[in-house]
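Novice: Pasting a structure here, questions to come.
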Amino acid sequence: MNGRAAMSISSPMWPYHPDLLATPVPRYTSFPTAAEFSPAVGPVEADAALRGVESDLSLYVHIPFCQQICWYCGCNTGAANKQQRLHSYLDALHREIAITGARLGGGARVRRIAFGGGSPNAIAPTDFVRLVDALTLHMPLEEPVWSIELDPRTLTREWGQVLGWIGVSHASMGVQTFDPALQAAIGRIQPDQEIVQATECLREAGISSLNYDLMYGLPGQTLDQLEAALARTIELGADRIALFGYAHVPHMLPRQRRIDASALPGQDARFAMAEYGYRRLVEAGYVPIGFDHFALPGDPMAIAASQGRVRRNFQGFTDDQAETLVGLGASAISCFANLLVQNEKNAGRYRMLLSQDLLPAALGVTRDREDRRRGAVIEALLCRGEAELEPALRAEAGGRLGVFIERGLARIEGNRLTIAPEALPYARTIAALFDPYRQDSLRRFSSAV
């Protein structure tokens, strides 16, 4: 968020206005959000969009399997305990890679490839190598940056060797917490030593940008437990840290019913944890990206932040400048200039479509000029803390912005809207003012903090 966002520890504390945080809002990894996706977009639109790509693009490859399913998880994933189902999925994924690559325009160049899940290391290292071979054969790779999400509980030395051989440079591990009691409360037991060994394995493999996912707002979690997790993360040298607030939505994610909702911290405690985490990490030398992501100064993400180049896509904050992201795998989402499209979520139907050589696109939304204009404002507010407003947008949002301006959380000078440095927790709420789909929506999203 430019230089001004790396605010000093001596800055005023975040002001707490619970009334402004009461309404859940999207994370805005896209605009329009996935809540607006419909079956009106499908294979025909996806096919046309792929054929129109004539520039740099990124790939996201989804592996919807985990060796163990954590109770808190909101990912589209299932247990990797049936080898035939897993192998059938990988066969379909290979087919999607082939038919997608054949449709890309002649000027397309793949600059980045990210594997996510689930847990990509739920499959065998040899199966991962075969996927890389398929991408190399069917996609127009142009010395891409490789990244991967990993489960430290199942990261073997063989996996480390494969990552090093391929040249993967970016990795993200789901750590969440180091505290055994909290791990038991969310169904993710992973002793400290497992995380240490996984970290050492990845460093030996050549991983130069390593992210730890951490969580606050866990059942029974105290500020001291959060501090211990942050201190251990800093000690182990994570290059990036994502500090997420746990979103408890058991009506949407039945597996979360195993979590004791009565032990969840209240909104005021969550706010205090988010603020403490921000201050602790900035004090330790991390550059803030938004209010819940952090990177060491030499990391590409921190460099992009200092240059105002951070963007948002379906993987969150990114320094990726490509306008096109092609998603591969069940539930994966692709982003084109005028179209967002999501693959079939159900792995069985996904396999069936590909067995007929059909693109598995099932849902999506077209983006008209107005969507793109509003999306640019939302992205700028979340990534840089400020945005230029066209007169019509300023007039439309003027009344709703009033309460934020009156409380010193935002200001308007000319057509420029700026979020105050101490108002970072309200960035998503302010951004949502420019989302017409949200104004009367009853859909549920995560807490703003």
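In the structure tokens, each chain is lettered A, B, ... as it comes, each chain's residues begin at 1, and ligands are numbered from 1 in order of appearance.
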With only C-alpha atoms as the counted atoms, please give the residues lying no more than 7 Å from region 219-222 of chain A, apart from itself and same-chain residues fewer than 4 positions off, as a VMD selection string.
Specialist: chain A and resid 182 185 226 260 to 261 263 to 265
Novice: Would you put the residues from that selection into a file with N, CA and C atoms, as a short mmCIF file (atom, residue, chain, number, x, y, z; two decimals), in the first residue's frame?
Specialist:
data_model
loop_
_atom_site.label_atom_id
_atom_site.label_comp_id
_atom_site.auth_asym_id
_atom_site.auth_seq_id
_atom_site.Cartn_x
_atom_site.Cartn_y
_atom_site.Cartn_z
N LEU A 182 -5.24 -25.42 20.97
CA LEU A 182 -5.98 -24.79 19.87
C LEU A 182 -6.01 -25.70 18.65
N ALA A 185 -8.69 -28.09 19.12
CA ALA A 185 -10.02 -27.46 19.04
C ALA A 185 -10.48 -27.27 17.61
N LEU A 226 -1.81 -16.08 20.70
CA LEU A 226 -1.52 -15.46 19.41
C LEU A 226 -0.10 -14.93 19.39
N ASP A 260 -16.42 -25.88 18.90
CA ASP A 260 -17.23 -25.36 20.00
C ASP A 260 -17.47 -23.87 19.79
N ALA A 261 -18.62 -23.51 19.27
CA ALA A 261 -18.92 -22.11 18.97
C ALA A 261 -18.99 -21.27 20.24
N ALA A 263 -17.01 -21.18 22.59
CA ALA A 263 -15.67 -20.76 23.01
C ALA A 263 -15.05 -19.73 22.08
N LEU A 264 -15.77 -19.34 21.02
CA LEU A 264 -15.21 -18.39 20.07
C LEU A 264 -15.10 -16.99 20.67
N PRO A 265 -14.00 -16.28 20.45
CA PRO A 265 -13.86 -14.92 20.95
C PRO A 265 -14.91 -14.01 20.34
#
Novice: DSSP on the backbone, strand (DSSP E) only: what residues of region 210-256 of chain A does that give? Format it as a PDB file with C-alpha atoms, in the first residue's frame.
Specialist:
ATOM      1  CA  LEU A 210       7.776 -19.028   2.229  1.00  0.00           C
ATOM      2  CA  ASN A 211       4.377 -18.031   3.602  1.00  0.00           C
ATOM      3  CA  TYR A 212       2.815 -19.153   6.881  1.00  0.00           C
ATOM      4  CA  ASP A 213      -0.984 -19.002   7.183  1.00  0.00           C
ATOM      5  CA  LEU A 214      -1.939 -18.103  10.773  1.00  0.00           C
ATOM      6  CA  MET A 215      -5.349 -17.597  12.361  1.00  0.00           C
ATOM      7  CA  TYR A 216      -6.876 -15.509  15.114  1.00  0.00           C
ATOM      8  CA  ARG A 240       5.306 -13.862   4.236  1.00  0.00           C
ATOM      9  CA  ILE A 241       2.527 -14.172   6.792  1.00  0.00           C
ATOM     10  CA  ALA A 242      -1.217 -14.234   6.227  1.00  0.00           C
ATOM     11  CA  LEU A 243      -3.051 -13.588   9.503  1.00  0.00           C
ATOM     12  CA  PHE A 244      -6.680 -14.543   8.900  1.00  0.00           C
ATOM     13  CA  GLY A 245      -9.645 -14.208  11.205  1.00  0.00           C
TER      14      GLY A 245
END
Novice: Taking 6 positions as the minimum chain separation for residues in the same chain, which residues sit within 12 Å of region 227-234 of chain A when counting only C-alpha atoms? Answer as a ChimeraX atom specification.
Specialist: /A:173-180,182-183,192-193,195-196,199,210-216,221,240-243,272-286,294-296
Novice: The selected residues should be written to file as a tab-separated table (two decimals), in the first residue's frame (atoms: N, CA and C atoms).
Specialist:
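This is the output file part01.tsv:
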chain	number	residue	atom	x	y	z
A	173	MET	N	2.43	-22.60	3.65
A	173	MET	CA	2.07	-23.69	4.55
A	173	MET	C	0.94	-23.26	5.48
A	174	GLY	N	0.01	-24.18	5.69
A	174	GLY	CA	-1.06	-23.95	6.65
A	174	GLY	C	-0.58	-24.27	8.05
A	175	VAL	N	-0.20	-23.25	8.79
A	175	VAL	CA	0.28	-23.43	10.17
A	175	VAL	C	-0.87	-23.18	11.15
A	176	GLN	N	-1.55	-22.07	11.01
A	176	GLN	CA	-2.71	-21.66	11.80
A	176	GLN	C	-2.35	-21.32	13.25
A	177	THR	N	-1.78	-22.27	14.00
A	177	THR	CA	-1.38	-22.03	15.38
A	177	THR	C	-0.38	-23.10	15.78
A	178	PHE	N	0.48	-22.75	16.73
A	178	PHE	CA	1.44	-23.72	17.26
A	178	PHE	C	0.95	-24.34	18.56
A	179	ASP	N	-0.13	-23.83	19.09
A	179	ASP	CA	-0.62	-24.25	20.41
A	179	ASP	C	-1.37	-25.58	20.32
A	180	PRO	N	-0.94	-26.63	21.06
A	180	PRO	CA	-1.58	-27.95	20.97
A	180	PRO	C	-3.07	-27.93	21.30
A	182	LEU	N	-5.24	-25.42	20.97
A	182	LEU	CA	-5.98	-24.79	19.87
A	182	LEU	C	-6.01	-25.70	18.65
A	183	GLN	N	-4.92	-26.40	18.41
A	183	GLN	CA	-4.89	-27.34	17.29
A	183	GLN	C	-5.97	-28.42	17.48
A	192	ASP	N	5.10	-28.84	16.79
A	192	ASP	CA	6.06	-27.83	16.37
A	192	ASP	C	7.15	-28.42	15.49
A	193	GLN	N	7.64	-29.60	15.85
A	193	GLN	CA	8.74	-30.19	15.12
A	193	GLN	C	8.37	-30.49	13.67
A	195	ILE	N	6.43	-28.67	11.80
A	195	ILE	CA	6.51	-27.41	11.07
A	195	ILE	C	7.98	-27.02	10.84
A	196	VAL	N	8.81	-27.26	11.85
A	196	VAL	CA	10.25	-26.98	11.72
A	196	VAL	C	10.86	-27.83	10.60
A	199	THR	N	9.69	-26.64	7.20
A	199	THR	CA	10.36	-25.39	6.84
A	199	THR	C	11.78	-25.66	6.36
A	210	LEU	N	8.58	-18.06	1.48
A	210	LEU	CA	7.78	-19.03	2.23
A	210	LEU	C	6.75	-18.29	3.07
A	211	ASN	N	5.48	-18.64	2.86
A	211	ASN	CA	4.38	-18.03	3.60
A	211	ASN	C	3.86	-18.98	4.67
A	212	TYR	N	3.53	-18.42	5.84
A	212	TYR	CA	2.81	-19.15	6.88
A	212	TYR	C	1.40	-18.57	6.96
A	213	ASP	N	0.38	-19.42	6.87
A	213	ASP	CA	-0.98	-19.00	7.18
A	213	ASP	C	-1.20	-19.16	8.68
A	214	LEU	N	-1.61	-18.08	9.35
A	214	LEU	CA	-1.94	-18.10	10.77
A	214	LEU	C	-3.38	-17.64	10.95
A	215	MET	N	-3.96	-17.98	12.11
A	215	MET	CA	-5.35	-17.60	12.36
A	215	MET	C	-5.51	-16.99	13.74
A	216	TYR	N	-6.42	-16.03	13.82
A	216	TYR	CA	-6.88	-15.51	15.11
A	216	TYR	C	-8.38	-15.72	15.20
A	221	GLN	N	-8.99	-19.10	22.05
A	221	GLN	CA	-7.70	-18.46	21.83
A	221	GLN	C	-7.56	-17.18	22.65
A	240	ARG	N	6.63	-14.47	4.30
A	240	ARG	CA	5.31	-13.86	4.24
A	240	ARG	C	4.43	-14.47	5.33
A	241	ILE	N	3.48	-13.69	5.78
A	241	ILE	CA	2.53	-14.17	6.79
A	241	ILE	C	1.14	-13.68	6.41
A	242	ALA	N	0.18	-14.59	6.40
A	242	ALA	CA	-1.22	-14.23	6.23
A	242	ALA	C	-1.91	-14.51	7.56
A	243	LEU	N	-2.42	-13.46	8.19
A	243	LEU	CA	-3.05	-13.59	9.50
A	243	LEU	C	-4.56	-13.42	9.33
A	272	ALA	N	-9.06	-6.88	18.85
A	272	ALA	CA	-7.81	-6.70	19.60
A	272	ALA	C	-6.72	-7.62	19.08
A	273	MET	N	-7.09	-8.86	18.70
A	273	MET	CA	-6.10	-9.80	18.16
A	273	MET	C	-5.57	-9.32	16.81
A	274	ALA	N	-6.47	-8.85	15.95
A	274	ALA	CA	-6.04	-8.37	14.63
A	274	ALA	C	-5.10	-7.18	14.78
A	275	GLU	N	-5.45	-6.26	15.67
A	275	GLU	CA	-4.60	-5.10	15.87
A	275	GLU	C	-3.25	-5.49	16.46
A	276	TYR	N	-3.27	-6.38	17.45
A	276	TYR	CA	-2.01	-6.80	18.06
A	276	TYR	C	-1.13	-7.48	17.03
A	277	GLY	N	-1.71	-8.37	16.21
A	277	GLY	CA	-0.94	-9.07	15.20
A	277	GLY	C	-0.30	-8.11	14.22
A	278	TYR	N	-1.06	-7.11	13.79
A	278	TYR	CA	-0.53	-6.11	12.86
A	278	TYR	C	0.67	-5.39	13.47
A	279	ARG	N	0.50	-4.90	14.68
A	279	ARG	CA	1.56	-4.14	15.32
A	279	ARG	C	2.79	-5.00	15.61
A	280	ARG	N	2.55	-6.21	16.04
A	280	ARG	CA	3.67	-7.10	16.38
A	280	ARG	C	4.51	-7.41	15.15
A	281	LEU	N	3.86	-7.65	14.03
A	281	LEU	CA	4.60	-8.02	12.83
A	281	LEU	C	5.30	-6.81	12.20
A	282	VAL	N	4.65	-5.66	12.23
A	282	VAL	CA	5.31	-4.45	11.72
A	282	VAL	C	6.52	-4.13	12.59
A	283	GLU	N	6.38	-4.29	13.89
A	283	GLU	CA	7.49	-4.05	14.81
A	283	GLU	C	8.65	-5.00	14.53
A	284	ALA	N	8.33	-6.21	14.06
A	284	ALA	CA	9.36	-7.21	13.76
A	284	ALA	C	10.01	-6.98	12.39
A	285	GLY	N	9.56	-5.97	11.66
A	285	GLY	CA	10.18	-5.63	10.39
A	285	GLY	C	9.42	-6.03	9.15
A	286	TYR	N	8.21	-6.59	9.32
A	286	TYR	CA	7.42	-7.00	8.16
A	286	TYR	C	6.69	-5.79	7.57
A	294	PHE	N	1.49	-9.81	5.38
A	294	PHE	CA	2.76	-9.18	5.74
A	294	PHE	C	3.88	-9.87	4.97
A	295	ALA	N	4.94	-9.10	4.67
A	295	ALA	CA	6.07	-9.67	3.94
A	295	ALA	C	7.36	-8.98	4.40
A	296	LEU	N	8.45	-9.75	4.46
A	296	LEU	CA	9.74	-9.16	4.77
A	296	LEU	C	10.16	-8.20	3.66
Novice: Give me, as an MDAnalysis selection string, all polymer residues having an atom no more than 8 Å from Gly105 (chain A), counting only C-alpha atoms and skipping those fewer than 6 positions away in the same chain.
Specialist: chainID A and resid 50:54
Novice: Just the selected residues (C-alpha atoms), exported as a short mmCIF file (atom, residue, chain, number, x, y, z; two decimals), in the first residue's frame, please.
Specialist:
data_model
loop_
_atom_site.label_atom_id
_atom_site.label_comp_id
_atom_site.auth_asym_id
_atom_site.auth_seq_id
_atom_site.Cartn_x
_atom_site.Cartn_y
_atom_site.Cartn_z
CA LEU A 50 -9.55 -18.82 -23.86
CA ARG A 51 -9.23 -18.33 -27.61
CA GLY A 52 -9.04 -14.58 -27.07
CA VAL A 53 -6.00 -14.69 -24.76
CA GLU A 54 -3.04 -13.08 -26.54
#
Novice: Show me, as JSON, numbers by chain, the residues that have an atom within 12 Å of Arg384 (chain A) when counting only C-alpha atoms, minus same-chain residues fewer than 5 positions from it.
Specialist: {"A": [1, 2, 3, 4, 5, 6, 288, 289, 290, 291, 304, 305, 306, 307, 308, 309, 310, 311, 312, 317, 376, 377, 378, 379, 417, 418, 419, 420, 421, 424, 427, 431]}
Novice: Include N, CA and C atoms and write out the residues we just selected as an mmCIF file, in the first residue's frame.
Specialist:
data_model
loop_
_atom_site.group_PDB
_atom_site.id
_atom_site.type_symbol
_atom_site.label_atom_id
_atom_site.label_comp_id
_atom_site.auth_asym_id
_atom_site.auth_seq_id
_atom_site.Cartn_x
_atom_site.Cartn_y
_atom_site.Cartn_z
ATOM 1 N N MET A 1 0.834 -1.201 0.000
ATOM 2 C CA MET A 1 0.000 0.000 0.000
ATOM 3 C C MET A 1 0.870 1.252 0.000
ATOM 4 N N ASN A 2 1.744 1.376 -0.971
ATOM 5 C CA ASN A 2 2.657 2.498 -1.045
ATOM 6 C C ASN A 2 3.409 2.656 0.274
ATOM 7 N N GLY A 3 4.274 3.649 0.354
ATOM 8 C CA GLY A 3 5.091 3.806 1.539
ATOM 9 C C GLY A 3 4.291 4.173 2.765
ATOM 10 N N ARG A 4 3.172 4.898 2.579
ATOM 11 C CA ARG A 4 2.440 5.406 3.728
ATOM 12 C C ARG A 4 1.775 4.310 4.541
ATOM 13 N N ALA A 5 1.577 3.121 3.931
ATOM 14 C CA ALA A 5 0.839 2.069 4.634
ATOM 15 C C ALA A 5 1.693 1.395 5.689
ATOM 16 N N ALA A 6 3.015 1.444 5.562
ATOM 17 C CA ALA A 6 3.885 0.805 6.547
ATOM 18 C C ALA A 6 3.972 1.713 7.758
ATOM 19 N N PRO A 288 3.395 -4.361 5.910
ATOM 20 C CA PRO A 288 1.989 -4.754 5.841
ATOM 21 C C PRO A 288 1.447 -4.663 4.422
ATOM 22 N N ILE A 289 0.690 -5.676 4.027
ATOM 23 C CA ILE A 289 -0.017 -5.702 2.747
ATOM 24 C C ILE A 289 -1.497 -5.754 3.117
ATOM 25 N N GLY A 290 -2.206 -4.634 2.975
ATOM 26 C CA GLY A 290 -3.533 -4.576 3.553
ATOM 27 C C GLY A 290 -3.395 -4.590 5.070
ATOM 28 N N PHE A 291 -4.364 -5.179 5.776
ATOM 29 C CA PHE A 291 -4.239 -5.201 7.228
ATOM 30 C C PHE A 291 -3.999 -6.609 7.774
ATOM 31 N N ALA A 304 6.675 -5.101 -4.341
ATOM 32 C CA ALA A 304 5.507 -4.671 -5.121
ATOM 33 C C ALA A 304 4.671 -3.665 -4.339
ATOM 34 N N ALA A 305 4.539 -3.882 -3.023
ATOM 35 C CA ALA A 305 3.769 -2.949 -2.196
ATOM 36 C C ALA A 305 4.417 -1.573 -2.181
ATOM 37 N N SER A 306 5.744 -1.529 -2.080
ATOM 38 C CA SER A 306 6.445 -0.244 -2.043
ATOM 39 C C SER A 306 6.314 0.506 -3.360
ATOM 40 N N GLN A 307 6.065 -0.240 -4.439
ATOM 41 C CA GLN A 307 5.936 0.360 -5.769
ATOM 42 C C GLN A 307 4.481 0.514 -6.212
ATOM 43 N N GLY A 308 3.543 0.198 -5.315
ATOM 44 C CA GLY A 308 2.128 0.332 -5.649
ATOM 45 C C GLY A 308 1.643 -0.663 -6.673
ATOM 46 N N ARG A 309 2.256 -1.871 -6.713
ATOM 47 C CA ARG A 309 1.909 -2.863 -7.738
ATOM 48 C C ARG A 309 1.138 -4.063 -7.183
ATOM 49 N N VAL A 310 0.753 -4.038 -5.923
ATOM 50 C CA VAL A 310 0.001 -5.166 -5.371
ATOM 51 C C VAL A 310 -1.400 -5.182 -5.965
ATOM 52 N N ARG A 311 -1.879 -6.388 -6.272
ATOM 53 C CA ARG A 311 -3.213 -6.555 -6.834
ATOM 54 C C ARG A 311 -3.975 -7.615 -6.041
ATOM 55 N N ARG A 312 -5.242 -7.820 -6.405
ATOM 56 C CA ARG A 312 -6.069 -8.857 -5.788
ATOM 57 C C ARG A 312 -6.496 -9.832 -6.869
ATOM 58 N N PHE A 317 -3.929 -11.285 -2.058
ATOM 59 C CA PHE A 317 -2.989 -10.268 -2.510
ATOM 60 C C PHE A 317 -1.897 -10.926 -3.340
ATOM 61 N N ALA A 376 -12.135 -1.839 -10.206
ATOM 62 C CA ALA A 376 -10.860 -1.126 -10.115
ATOM 63 C C ALA A 376 -10.805 -0.267 -8.852
ATOM 64 N N VAL A 377 -11.923 0.352 -8.493
ATOM 65 C CA VAL A 377 -11.974 1.165 -7.276
ATOM 66 C C VAL A 377 -11.803 0.286 -6.044
ATOM 67 N N ILE A 378 -12.512 -0.837 -5.997
ATOM 68 C CA ILE A 378 -12.429 -1.739 -4.853
ATOM 69 C C ILE A 378 -11.014 -2.283 -4.699
ATOM 70 N N GLU A 379 -10.406 -2.698 -5.808
ATOM 71 C CA GLU A 379 -9.049 -3.227 -5.745
ATOM 72 C C GLU A 379 -8.062 -2.155 -5.276
ATOM 73 N N LEU A 417 -10.477 9.314 -2.972
ATOM 74 C CA LEU A 417 -10.891 8.775 -1.687
ATOM 75 C C LEU A 417 -9.698 8.076 -1.050
ATOM 76 N N THR A 418 -9.376 8.432 0.184
ATOM 77 C CA THR A 418 -8.245 7.851 0.893
ATOM 78 C C THR A 418 -8.707 7.268 2.214
ATOM 79 N N ILE A 419 -8.293 6.036 2.477
ATOM 80 C CA ILE A 419 -8.567 5.397 3.762
ATOM 81 C C ILE A 419 -7.426 5.748 4.707
ATOM 82 N N ALA A 420 -7.738 6.230 5.906
ATOM 83 C CA ALA A 420 -6.707 6.617 6.867
ATOM 84 C C ALA A 420 -5.859 5.400 7.249
ATOM 85 N N PRO A 421 -4.558 5.584 7.482
ATOM 86 C CA PRO A 421 -3.689 4.446 7.835
ATOM 87 C C PRO A 421 -4.204 3.651 9.032
ATOM 88 N N LEU A 424 -7.350 0.690 8.555
ATOM 89 C CA LEU A 424 -7.219 -0.504 7.714
ATOM 90 C C LEU A 424 -8.283 -1.562 7.975
ATOM 91 N N ALA A 427 -11.288 -1.253 5.678
ATOM 92 C CA ALA A 427 -11.085 -1.125 4.233
ATOM 93 C C ALA A 427 -12.118 -1.926 3.445
ATOM 94 N N ALA A 431 -14.845 -0.463 0.941
ATOM 95 C CA ALA A 431 -14.862 -0.936 -0.444
ATOM 96 C C ALA A 431 -16.256 -1.436 -0.833
#
Novice: Which value, in Å to one decimal, gives the distance between CA of Ala347 (chain A) and CA of Ala122 (chain A)?
Specialist: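 According to the coordinates, CA of Ala347 (chain A) and CA of Ala122 (chain A) are separated by 15.7 Å.
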